[in-house]
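**Student:** Compact mmCIF, C-alpha atoms and all ligand atoms, file model28.txt:
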```
# COMPACT_ATOMS: atom_id res chain seq x y z
CA MET S 1449 -76.25 238.96 -12.72
CA PRO S 1450 -76.97 242.68 -12.66
CA ILE S 1451 -77.93 244.55 -15.78
CA TYR S 1452 -76.07 247.74 -16.45
CA GLU S 1453 -77.11 250.46 -18.78
CA TYR S 1454 -74.53 252.25 -20.85
CA ILE S 1455 -74.64 255.15 -23.23
CA SER S 1456 -72.05 256.77 -25.43
CA VAL S 1457 -70.28 259.74 -23.89
CA ASN S 1458 -70.44 261.29 -27.37
CA ALA S 1459 -73.98 260.26 -28.24
CA ASP S 1460 -74.47 263.35 -30.37
CA ASP S 1461 -71.36 262.67 -32.40
CA GLN S 1462 -71.94 260.01 -35.02
CA ALA S 1463 -68.22 259.69 -35.60
CA GLN S 1464 -67.68 258.66 -32.00
CA SER S 1465 -70.69 256.49 -31.38
CA CYS S 1466 -72.71 253.85 -33.17
CA ARG S 1467 -76.46 253.45 -33.36
CA ILE S 1468 -76.37 251.12 -30.39
CA CYS S 1469 -74.46 253.20 -27.87
CA ALA S 1470 -75.82 256.52 -29.10
CA LYS S 1471 -79.22 255.45 -27.79
CA GLY S 1472 -77.85 253.51 -24.88
CA PHE S 1473 -77.86 249.79 -24.33
CA GLU S 1474 -78.21 247.32 -21.53
CA LEU S 1475 -75.61 244.77 -20.69
CA ARG S 1476 -75.71 241.89 -18.29
CA ARG S 1477 -72.36 241.68 -16.58
CA PRO S 1478 -70.90 239.74 -13.69
CA ILE S 1479 -70.64 242.01 -10.68
CA ASP S 1480 -66.93 241.29 -10.23
CA ARG S 1481 -66.09 242.35 -13.77
CA ALA S 1482 -64.55 245.75 -14.33
CA PRO S 1483 -67.03 248.33 -15.57
CA LEU S 1484 -67.37 248.64 -19.29
CA GLU S 1485 -65.53 251.63 -20.65
CA VAL S 1486 -65.95 251.31 -24.38
CA CYS S 1487 -68.83 250.25 -26.59
CA PRO S 1488 -68.39 246.57 -27.54
CA LEU S 1489 -69.42 247.45 -31.06
CA CYS S 1490 -67.67 250.65 -32.03
CA LYS S 1491 -65.06 250.80 -29.24
CA ASN S 1492 -65.85 254.37 -28.43
CA PRO S 1493 -66.11 255.50 -24.81
CA VAL S 1494 -69.33 254.82 -22.97
CA LYS S 1495 -70.53 255.71 -19.53
CA LYS S 1496 -72.76 253.87 -17.14
CA VAL S 1497 -76.27 255.18 -16.87
CA ILE S 1498 -77.63 255.37 -13.37
CA SER S 1499 -80.80 253.46 -13.88
CA SER S 1500 -83.98 254.39 -12.12
CA VAL S 1501 -85.46 250.96 -12.71
CA ASN S 1502 -84.82 249.82 -9.16
CA THR S 1503 -86.22 252.93 -7.54
CA PRO S 1504 -89.22 251.88 -5.54
CA LYS S 1505 -92.40 253.42 -6.78
CA ILE S 1506 -93.93 255.80 -4.31
CA THR S 1507 -97.50 254.80 -4.74
CA LYS S 1508 -99.49 254.81 -1.60
CA PRO S 1509 -102.09 252.09 -1.63
CA LEU S 1510 -105.55 253.50 -1.57
CA SER S 1511 -107.29 253.10 1.69
CA TYR S 1512 -110.91 252.18 1.83
CA SER S 1513 -112.07 255.74 2.51
CA ASP S 1514 -109.69 257.21 -0.07
CA ALA S 1515 -111.13 254.89 -2.66
CA LYS S 1516 -114.64 255.94 -1.77
CA LYS S 1517 -113.70 259.61 -1.84
CA ALA S 1518 -112.17 259.12 -5.27
CA GLY S 1519 -115.49 257.84 -6.47
CA PHE S 1520 -114.74 254.16 -6.55
CA THR S 1521 -117.46 251.80 -5.71
CA VAL S 1522 -116.06 249.65 -2.99
CA LEU S 1523 -117.42 246.19 -2.93
CA GLU S 1524 -116.96 243.91 -0.04
CA LYS S 1525 -117.26 240.21 -0.35
CA ARG S 1526 -120.00 238.75 1.74
CA ASP S 1527 -121.23 235.20 1.42
CA GLU S 1528 -120.44 233.04 -1.57
CA GLY S 1529 -120.25 235.23 -4.62
CA VAL S 1530 -122.42 237.92 -3.15
CA TYR S 1531 -121.01 241.40 -3.42
CA GLU S 1532 -122.68 244.11 -1.50
CA LYS S 1533 -122.41 247.80 -2.29
CA GLN S 1534 -121.11 249.79 0.64
ZN ZN B 1 -71.02 252.02 -30.08
```
Output the file's structure as structure tokens, nothing else.
Ligand SMILES: [Zn+2]
**Tutor:**
Amino acid sequence: MPIYEYISVNADDQAQSCRICAKGFELRRPIDRAPLEVCPLCKNPVKKVISSVNTPKITKPLSYSDAKKAGFTVLEKRDEGVYEKQ
């Protein structure tokens, strides 16, 4: 079941949002259910937040030479438990 994030459309207005939706909240909802339009607590309008949680992180794995350039000591496993400095 996907988790959706909602936040009050009037988050700055305390009269039209509660402490939950003013900060935003997450809700697990069946995918075939209509999108939530009001806060379940205060019944004021909310909007779906486009979450960045599922955005793949663009972190390139360090290559051996990159790691060495960055000053890491790269150890390579040799025989049982013996680590040799490159
Ligand atoms: Zn609310």
**Student:** Give me, as a PyMOL selection string, the set of residues whose atoms come within 7 Å of any atom of ligand ZN 1 (chain B), counting all atoms listed in the file.
**Tutor:** chain S and resi 1456+1465-1470+1487-1492
**Student:** Starting from the point (-77.9, 237.8, -10.8), work out which residues of protein, DNA or RNA have an atom no more than 8 Å away when counting all atoms listed in the file; state them as a list of chain:residue names.
**Tutor:**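 The residues that fall inside the cut-off are S:Met1449, S:Pro1450, S:Pro1478.
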**Student:** My list of candidates is S:Pro1493, S:Val1486, S:Ile1451, S:Lys1516. Which is closest to Glu1474 (chain S) when distances are computed with all atoms listed in the file?
**Tutor:**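 Of the candidates, the smallest distance to Glu1474 (chain S) is held by S:Ile1451.
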**Student:** Let me make sure I understand: among S:Ile1479, S:Asp1461, S:Phe1473, S:Ala1518, which one has the smallest atom-to-atom distance to Lys1495 (chain S) if we use all atoms listed in the file?
**Tutor:** S:Phe1473
**Student:** Would you mind reading off the distance between CA of Lys1496 (chain S) and CA of Ala1459 (chain S), one decimal, in Å?
**Tutor:**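 Value for the CA of Lys1496 (chain S)-CA of Ala1459 (chain S) distance: 12.9 Å.
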**Student:** Find the distance between CA of Leu1484 (chain S) and CA of Gln1462 (chain S) and write it in Å to one decimal.
**Tutor:**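 The value is 19.9 Å.
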**Student:** Given the choices S:Asp1514, S:Asp1460, S:Ile1455, S:Leu1475, which gets closest to Val1497 (chain S) if the distance is worked out from only C-alpha atoms?
**Tutor:**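 Using only C-alpha atoms, the shortest distance to Val1497 (chain S) belongs to S:Ile1455.
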**Student:** Just the number, please: distance in Å from CA of Arg1476 (chain S) to CA of Tyr1454 (chain S), one decimal.
**Tutor:**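 Separating CA of Arg1476 (chain S) from CA of Tyr1454 (chain S) is a distance of 10.7 Å.
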